[in-house]
Amino acid sequence: MALHYNLSKVYAISDNDVDFARQIMVLFTEEVPPEIKNIRQGLKEKDYERVYHAAHKIKPTLDMLGMDLAYEDVLSIETWSRSEGKKKEIKEVYKSLKDRIDLALKEIKKDYGL
């Protein structure tokens, strides 16, 4: 049983299609890590637009995978980037998001042999 993600929404929209769920997992492992790097780089460079776009891009995936805490982190990052806040205000939120993504990635790779 998955601890760091939940496929109930994926199965609900796909009529319990296991192949579709696997495709979602593959997309998650391929597309989310580069966007996390974009967020990190954007934070480093104070490129608020880059941070916003990367966070906005992964938000639906986190929602679909039932990663509620990571989803809340992404919402906070989006809000921070729109208000062009100070880096120290968002460092811990980014760290929390990255940790949650890393745990989910590790679990997904193990569960799906990716």
# chains A, B, ... in the order shown; residues from 1 in each chain; ligands from 1
call {"tool": "residues_around", "arguments": {"residues": "stretch 104-112 of chain A", "least_positions_apart": "5", "cutoff": "7 Å", "atoms": "only C-alpha atoms", "output": "ChimeraX atom specification"}}
result
/A:4-5,25,29
call {"tool": "write_last_selection", "arguments": {"atoms": "all heavy atoms", "output": "short mmCIF file (atom, residue, chain, number, x, y, z; two decimals), in the first residue's frame"}}
result
data_model
loop_
_atom_site.label_atom_id
_atom_site.label_comp_id
_atom_site.auth_asym_id
_atom_site.auth_seq_id
_atom_site.Cartn_x
_atom_site.Cartn_y
_atom_site.Cartn_z
N HIS A 4 2.97 7.46 0.35
CA HIS A 4 3.26 8.84 -0.03
C HIS A 4 2.47 9.33 -1.23
O HIS A 4 2.67 10.45 -1.70
CB HIS A 4 4.76 9.00 -0.28
CG HIS A 4 5.57 8.64 0.92
ND1 HIS A 4 5.62 9.43 2.04
CD2 HIS A 4 6.32 7.55 1.20
CE1 HIS A 4 6.38 8.86 2.95
NE2 HIS A 4 6.81 7.72 2.46
N TYR A 5 1.58 8.51 -1.75
CA TYR A 5 0.69 8.91 -2.84
C TYR A 5 -0.56 8.05 -2.77
O TYR A 5 -0.60 7.04 -2.08
CB TYR A 5 1.37 8.77 -4.20
CG TYR A 5 1.72 7.36 -4.59
CD1 TYR A 5 0.85 6.59 -5.35
CD2 TYR A 5 2.92 6.78 -4.20
CE1 TYR A 5 1.16 5.29 -5.70
CE2 TYR A 5 3.24 5.49 -4.54
CZ TYR A 5 2.36 4.74 -5.29
OH TYR A 5 2.67 3.46 -5.63
N MET A 25 2.26 7.26 -13.36
CA MET A 25 3.44 7.10 -12.50
C MET A 25 4.71 7.38 -13.30
O MET A 25 5.63 8.04 -12.80
CB MET A 25 3.50 5.70 -11.90
CG MET A 25 2.36 5.35 -10.98
SD MET A 25 2.36 6.32 -9.46
CE MET A 25 1.18 7.58 -9.87
N THR A 29 7.45 10.44 -12.59
CA THR A 29 8.89 10.25 -12.38
C THR A 29 9.73 11.01 -13.41
O THR A 29 10.86 11.37 -13.12
CB THR A 29 9.29 8.76 -12.40
OG1 THR A 29 8.96 8.20 -13.67
CG2 THR A 29 8.60 7.99 -11.28
#
call {"tool": "residues_around", "arguments": {"residues": "stretch 76-90 of chain A", "least_positions_apart": "5", "cutoff": "12 Å", "atoms": "only C-alpha atoms", "output": "VMD selection string"}}
result
chain A and resid 36 39 to 59 69 to 71 95 to 98
call {"tool": "write_last_selection", "arguments": {"atoms": "N, CA, C and O atoms", "output": "compact mmCIF listing (two decimals), in the first residue's frame"}}
result
# COMPACT_ATOMS: atom_id res chain seq x y z
N ILE A 36 11.04 20.41 -10.00
CA ILE A 36 11.55 20.69 -8.65
C ILE A 36 12.90 21.40 -8.78
O ILE A 36 13.19 22.36 -8.06
N ILE A 39 12.28 24.95 -9.70
CA ILE A 39 11.89 25.74 -8.53
C ILE A 39 13.15 26.12 -7.73
O ILE A 39 13.34 27.28 -7.37
N ARG A 40 14.00 25.14 -7.50
CA ARG A 40 15.24 25.40 -6.74
C ARG A 40 16.09 26.46 -7.42
O ARG A 40 16.57 27.40 -6.79
N GLN A 41 16.28 26.31 -8.74
CA GLN A 41 17.10 27.26 -9.48
C GLN A 41 16.45 28.64 -9.49
O GLN A 41 17.13 29.65 -9.35
N GLY A 42 15.14 28.67 -9.65
CA GLY A 42 14.43 29.93 -9.63
C GLY A 42 14.54 30.62 -8.28
O GLY A 42 14.69 31.85 -8.21
N LEU A 43 14.50 29.85 -7.21
CA LEU A 43 14.69 30.42 -5.87
C LEU A 43 16.08 31.01 -5.73
O LEU A 43 16.26 32.11 -5.21
N LYS A 44 17.06 30.25 -6.21
CA LYS A 44 18.44 30.70 -6.12
C LYS A 44 18.65 32.01 -6.86
O LYS A 44 19.35 32.90 -6.39
N GLU A 45 18.00 32.14 -8.03
CA GLU A 45 18.19 33.31 -8.88
C GLU A 45 17.14 34.40 -8.64
O GLU A 45 17.15 35.43 -9.32
N LYS A 46 16.24 34.15 -7.70
CA LYS A 46 15.10 35.06 -7.45
C LYS A 46 14.31 35.30 -8.73
O LYS A 46 13.87 36.41 -9.01
N ASP A 47 14.14 34.24 -9.50
CA ASP A 47 13.36 34.29 -10.73
C ASP A 47 11.94 33.81 -10.37
O ASP A 47 11.61 32.64 -10.48
N TYR A 48 11.13 34.75 -9.92
CA TYR A 48 9.79 34.43 -9.42
C TYR A 48 8.91 33.78 -10.49
O TYR A 48 8.14 32.87 -10.19
N GLU A 49 9.06 34.21 -11.73
CA GLU A 49 8.26 33.65 -12.80
C GLU A 49 8.60 32.18 -13.03
O GLU A 49 7.71 31.35 -13.22
N ARG A 50 9.87 31.86 -13.01
CA ARG A 50 10.30 30.47 -13.19
C ARG A 50 9.77 29.60 -12.07
O ARG A 50 9.29 28.48 -12.30
N VAL A 51 9.85 30.11 -10.85
CA VAL A 51 9.33 29.36 -9.69
C VAL A 51 7.84 29.13 -9.85
O VAL A 51 7.34 28.00 -9.68
N TYR A 52 7.12 30.19 -10.21
CA TYR A 52 5.67 30.08 -10.35
C TYR A 52 5.30 29.05 -11.42
O TYR A 52 4.45 28.19 -11.20
N HIS A 53 5.91 29.14 -12.59
CA HIS A 53 5.57 28.24 -13.69
C HIS A 53 5.88 26.78 -13.35
O HIS A 53 5.09 25.89 -13.68
N ALA A 54 7.00 26.54 -12.70
CA ALA A 54 7.35 25.16 -12.32
C ALA A 54 6.37 24.62 -11.29
O ALA A 54 5.89 23.48 -11.40
N ALA A 55 6.04 25.43 -10.29
CA ALA A 55 5.09 25.01 -9.26
C ALA A 55 3.71 24.78 -9.87
O ALA A 55 3.04 23.78 -9.58
N HIS A 56 3.31 25.68 -10.73
CA HIS A 56 2.00 25.58 -11.37
C HIS A 56 1.90 24.33 -12.25
O HIS A 56 0.84 23.70 -12.33
N LYS A 57 3.00 23.97 -12.87
CA LYS A 57 3.01 22.80 -13.77
C LYS A 57 2.81 21.49 -13.01
O LYS A 57 2.13 20.59 -13.50
N ILE A 58 3.37 21.38 -11.80
CA ILE A 58 3.26 20.11 -11.07
C ILE A 58 2.03 20.05 -10.17
O ILE A 58 1.68 18.97 -9.69
N LYS A 59 1.38 21.17 -9.96
CA LYS A 59 0.23 21.21 -9.05
C LYS A 59 -0.86 20.20 -9.39
O LYS A 59 -1.30 19.45 -8.51
N LEU A 69 -0.32 17.18 1.17
CA LEU A 69 0.64 18.05 1.84
C LEU A 69 1.60 18.69 0.84
O LEU A 69 1.91 19.88 0.94
N ALA A 70 2.03 17.93 -0.16
CA ALA A 70 2.88 18.49 -1.21
C ALA A 70 2.09 19.51 -2.02
O ALA A 70 2.63 20.56 -2.41
N TYR A 71 0.81 19.24 -2.25
CA TYR A 71 -0.05 20.17 -2.97
C TYR A 71 -0.14 21.50 -2.21
O TYR A 71 -0.05 22.57 -2.81
N LYS A 95 11.85 22.95 0.98
CA LYS A 95 12.49 21.75 1.53
C LYS A 95 11.45 20.68 1.82
O LYS A 95 11.64 19.51 1.50
N SER A 96 10.32 21.09 2.40
CA SER A 96 9.24 20.16 2.69
C SER A 96 8.71 19.53 1.40
O SER A 96 8.52 18.31 1.31
N LEU A 97 8.48 20.36 0.38
CA LEU A 97 8.00 19.86 -0.91
C LEU A 97 8.98 18.87 -1.51
O LEU A 97 8.60 17.78 -1.93
N LYS A 98 10.25 19.23 -1.53
CA LYS A 98 11.27 18.36 -2.12
C LYS A 98 11.33 17.03 -1.37
O LYS A 98 11.40 15.97 -2.00
call {"tool": "select_by_dssp", "arguments": {"residues": "chain A", "states": "alpha helix (DSSP H)", "output": "ChimeraX atom specification"}}
result
/A:8-14,18-45,48-64,68-83,87-112
call {"tool": "closest_residue", "arguments": {"among": "A:Leu65, A:Leu114, A:Val10, A:Ile101", "to": "A:Lys37", "atoms": "only C-alpha atoms"}}
result
A:Ile101
call {"tool": "closest_residue", "arguments": {"among": "A:Phe20, A:Met64, A:Val26, A:Ser14", "to": "A:Gly113", "atoms": "only C-alpha atoms"}}
result
A:Val26
call {"tool": "closest_residue", "arguments": {"among": "A:Asp63, A:Asp102, A:Glu92, A:Asp73", "to": "A:Leu7", "atoms": "only C-alpha atoms"}}
result
A:Asp63
call {"tool": "residues_around", "arguments": {"residues": "A:Tyr11", "least_positions_apart": "6", "cutoff": "12 Å", "atoms": "only C-alpha atoms", "output": "compact mmCIF listing (two decimals) with C-alpha atoms, in the first residue's frame"}}
result
# COMPACT_ATOMS: atom_id res chain seq x y z
CA ASP A 17 -7.37 1.17 -15.68
CA VAL A 18 -4.09 -0.17 -14.30
CA ASP A 19 -2.15 0.70 -17.48
CA PHE A 20 -3.33 4.31 -17.25
CA ALA A 21 -2.21 4.46 -13.60
CA ARG A 22 1.21 3.16 -14.60
CA GLN A 23 1.48 5.82 -17.33
CA ILE A 24 0.69 8.49 -14.73
CA MET A 64 -4.36 13.78 -8.87
CA LEU A 65 -1.96 11.60 -6.87
CA GLY A 66 -3.55 12.60 -3.57
call {"tool": "atom_distance", "arguments": {"atom1": "atom CA of A:Phe28", "atom2": "atom CA of A:Thr61"}}
result
7.3 Å
call {"tool": "decode", "arguments": {"residues": "stretch 2-15 of chain A", "atoms": "all heavy atoms", "output": "PDB file, in the first residue's frame"}}
result
ATOM      1  N   ALA A   2       0.532   2.177  -0.843  1.00  0.00           N
ATOM      2  CA  ALA A   2       1.312   3.414  -0.983  1.00  0.00           C
ATOM      3  C   ALA A   2       1.147   4.302   0.249  1.00  0.00           C
ATOM      4  O   ALA A   2       0.039   4.511   0.728  1.00  0.00           O
ATOM      5  CB  ALA A   2       0.868   4.153  -2.223  1.00  0.00           C
ATOM      6  N   LEU A   3       2.249   4.815   0.720  1.00  0.00           N
ATOM      7  CA  LEU A   3       2.230   5.716   1.866  1.00  0.00           C
ATOM      8  C   LEU A   3       2.308   7.174   1.458  1.00  0.00           C
ATOM      9  O   LEU A   3       1.778   8.046   2.134  1.00  0.00           O
ATOM     10  CB  LEU A   3       3.407   5.404   2.801  1.00  0.00           C
ATOM     11  CG  LEU A   3       3.443   4.013   3.410  1.00  0.00           C
ATOM     12  CD1 LEU A   3       4.731   3.826   4.199  1.00  0.00           C
ATOM     13  CD2 LEU A   3       2.243   3.793   4.300  1.00  0.00           C
ATOM     14  N   HIS A   4       2.969   7.457   0.353  1.00  0.00           N
ATOM     15  CA  HIS A   4       3.265   8.837  -0.031  1.00  0.00           C
ATOM     16  C   HIS A   4       2.465   9.325  -1.235  1.00  0.00           C
ATOM     17  O   HIS A   4       2.674  10.446  -1.698  1.00  0.00           O
ATOM     18  CB  HIS A   4       4.762   8.996  -0.283  1.00  0.00           C
ATOM     19  CG  HIS A   4       5.570   8.641   0.920  1.00  0.00           C
ATOM     20  ND1 HIS A   4       5.615   9.428   2.042  1.00  0.00           N
ATOM     21  CD2 HIS A   4       6.319   7.553   1.198  1.00  0.00           C
ATOM     22  CE1 HIS A   4       6.376   8.859   2.949  1.00  0.00           C
ATOM     23  NE2 HIS A   4       6.815   7.716   2.462  1.00  0.00           N
ATOM     24  N   TYR A   5       1.582   8.510  -1.745  1.00  0.00           N
ATOM     25  CA  TYR A   5       0.691   8.910  -2.838  1.00  0.00           C
ATOM     26  C   TYR A   5      -0.559   8.053  -2.767  1.00  0.00           C
ATOM     27  O   TYR A   5      -0.597   7.036  -2.075  1.00  0.00           O
ATOM     28  CB  TYR A   5       1.372   8.770  -4.201  1.00  0.00           C
ATOM     29  CG  TYR A   5       1.717   7.356  -4.589  1.00  0.00           C
ATOM     30  CD1 TYR A   5       0.850   6.588  -5.346  1.00  0.00           C
ATOM     31  CD2 TYR A   5       2.915   6.779  -4.196  1.00  0.00           C
ATOM     32  CE1 TYR A   5       1.164   5.288  -5.697  1.00  0.00           C
ATOM     33  CE2 TYR A   5       3.241   5.486  -4.539  1.00  0.00           C
ATOM     34  CZ  TYR A   5       2.365   4.740  -5.288  1.00  0.00           C
ATOM     35  OH  TYR A   5       2.668   3.457  -5.634  1.00  0.00           O
ATOM     36  N   ASN A   6      -1.612   8.485  -3.472  1.00  0.00           N
ATOM     37  CA  ASN A   6      -2.885   7.783  -3.439  1.00  0.00           C
ATOM     38  C   ASN A   6      -3.470   7.806  -4.852  1.00  0.00           C
ATOM     39  O   ASN A   6      -3.660   8.871  -5.418  1.00  0.00           O
ATOM     40  CB  ASN A   6      -3.824   8.492  -2.455  1.00  0.00           C
ATOM     41  CG  ASN A   6      -5.147   7.796  -2.309  1.00  0.00           C
ATOM     42  OD1 ASN A   6      -5.622   7.137  -3.220  1.00  0.00           O
ATOM     43  ND2 ASN A   6      -5.750   7.950  -1.154  1.00  0.00           N
ATOM     44  N   LEU A   7      -3.754   6.653  -5.385  1.00  0.00           N
ATOM     45  CA  LEU A   7      -4.219   6.559  -6.768  1.00  0.00           C
ATOM     46  C   LEU A   7      -5.739   6.547  -6.915  1.00  0.00           C
ATOM     47  O   LEU A   7      -6.246   6.305  -8.005  1.00  0.00           O
ATOM     48  CB  LEU A   7      -3.641   5.310  -7.425  1.00  0.00           C
ATOM     49  CG  LEU A   7      -2.128   5.311  -7.632  1.00  0.00           C
ATOM     50  CD1 LEU A   7      -1.668   3.990  -8.223  1.00  0.00           C
ATOM     51  CD2 LEU A   7      -1.717   6.463  -8.518  1.00  0.00           C
ATOM     52  N   SER A   8      -6.477   6.838  -5.857  1.00  0.00           N
ATOM     53  CA  SER A   8      -7.940   6.756  -5.944  1.00  0.00           C
ATOM     54  C   SER A   8      -8.509   7.687  -7.013  1.00  0.00           C
ATOM     55  O   SER A   8      -9.420   7.305  -7.752  1.00  0.00           O
ATOM     56  CB  SER A   8      -8.591   7.012  -4.590  1.00  0.00           C
ATOM     57  OG  SER A   8      -8.261   8.293  -4.106  1.00  0.00           O
ATOM     58  N   LYS A   9      -7.982   8.908  -7.143  1.00  0.00           N
ATOM     59  CA  LYS A   9      -8.465   9.829  -8.177  1.00  0.00           C
ATOM     60  C   LYS A   9      -8.099   9.329  -9.570  1.00  0.00           C
ATOM     61  O   LYS A   9      -8.882   9.437 -10.505  1.00  0.00           O
ATOM     62  CB  LYS A   9      -7.894  11.233  -7.973  1.00  0.00           C
ATOM     63  CG  LYS A   9      -8.494  11.971  -6.809  1.00  0.00           C
ATOM     64  CD  LYS A   9      -7.925  13.369  -6.701  1.00  0.00           C
ATOM     65  CE  LYS A   9      -8.471  14.087  -5.485  1.00  0.00           C
ATOM     66  NZ  LYS A   9      -7.916  15.446  -5.367  1.00  0.00           N
ATOM     67  N   VAL A  10      -6.906   8.772  -9.696  1.00  0.00           N
ATOM     68  CA  VAL A  10      -6.465   8.235 -10.988  1.00  0.00           C
ATOM     69  C   VAL A  10      -7.379   7.099 -11.421  1.00  0.00           C
ATOM     70  O   VAL A  10      -7.851   7.064 -12.561  1.00  0.00           O
ATOM     71  CB  VAL A  10      -4.991   7.756 -10.926  1.00  0.00           C
ATOM     72  CG1 VAL A  10      -4.581   7.052 -12.210  1.00  0.00           C
ATOM     73  CG2 VAL A  10      -4.067   8.923 -10.632  1.00  0.00           C
ATOM     74  N   TYR A  11      -7.662   6.186 -10.496  1.00  0.00           N
ATOM     75  CA  TYR A  11      -8.543   5.069 -10.830  1.00  0.00           C
ATOM     76  C   TYR A  11      -9.974   5.537 -11.084  1.00  0.00           C
ATOM     77  O   TYR A  11     -10.665   4.992 -11.937  1.00  0.00           O
ATOM     78  CB  TYR A  11      -8.505   4.009  -9.734  1.00  0.00           C
ATOM     79  CG  TYR A  11      -7.233   3.196  -9.744  1.00  0.00           C
ATOM     80  CD1 TYR A  11      -6.489   3.001  -8.593  1.00  0.00           C
ATOM     81  CD2 TYR A  11      -6.761   2.620 -10.915  1.00  0.00           C
ATOM     82  CE1 TYR A  11      -5.313   2.259  -8.605  1.00  0.00           C
ATOM     83  CE2 TYR A  11      -5.595   1.865 -10.946  1.00  0.00           C
ATOM     84  CZ  TYR A  11      -4.881   1.692  -9.783  1.00  0.00           C
ATOM     85  OH  TYR A  11      -3.728   0.955  -9.807  1.00  0.00           O
ATOM     86  N   ALA A  12     -10.409   6.565 -10.374  1.00  0.00           N
ATOM     87  CA  ALA A  12     -11.766   7.080 -10.566  1.00  0.00           C
ATOM     88  C   ALA A  12     -11.957   7.655 -11.967  1.00  0.00           C
ATOM     89  O   ALA A  12     -12.994   7.426 -12.603  1.00  0.00           O
ATOM     90  CB  ALA A  12     -12.083   8.132  -9.515  1.00  0.00           C
ATOM     91  N   ILE A  13     -10.969   8.382 -12.477  1.00  0.00           N
ATOM     92  CA  ILE A  13     -11.127   8.983 -13.807  1.00  0.00           C
ATOM     93  C   ILE A  13     -10.835   8.002 -14.937  1.00  0.00           C
ATOM     94  O   ILE A  13     -11.159   8.274 -16.082  1.00  0.00           O
ATOM     95  CB  ILE A  13     -10.253  10.253 -13.988  1.00  0.00           C
ATOM     96  CG1 ILE A  13      -8.770   9.927 -13.923  1.00  0.00           C
ATOM     97  CG2 ILE A  13     -10.637  11.321 -13.000  1.00  0.00           C
ATOM     98  CD1 ILE A  13      -7.867  11.076 -14.349  1.00  0.00           C
ATOM     99  N   SER A  14     -10.221   6.866 -14.605  1.00  0.00           N
ATOM    100  CA  SER A  14      -9.842   5.919 -15.659  1.00  0.00           C
ATOM    101  C   SER A  14     -10.622   4.604 -15.595  1.00  0.00           C
ATOM    102  O   SER A  14     -10.259   3.650 -16.273  1.00  0.00           O
ATOM    103  CB  SER A  14      -8.342   5.608 -15.561  1.00  0.00           C
ATOM    104  OG  SER A  14      -8.071   4.835 -14.407  1.00  0.00           O
ATOM    105  N   ASP A  15     -11.660   4.545 -14.787  1.00  0.00           N
ATOM    106  CA  ASP A  15     -12.418   3.301 -14.609  1.00  0.00           C
ATOM    107  C   ASP A  15     -11.502   2.142 -14.206  1.00  0.00           C
ATOM    108  O   ASP A  15     -11.565   1.057 -14.783  1.00  0.00           O
ATOM    109  CB  ASP A  15     -13.201   2.943 -15.872  1.00  0.00           C
ATOM    110  CG  ASP A  15     -14.321   3.932 -16.163  1.00  0.00           C
ATOM    111  OD1 ASP A  15     -14.901   4.478 -15.198  1.00  0.00           O
ATOM    112  OD2 ASP A  15     -14.601   4.149 -17.357  1.00  0.00           O
TER     113      ASP A  15
END
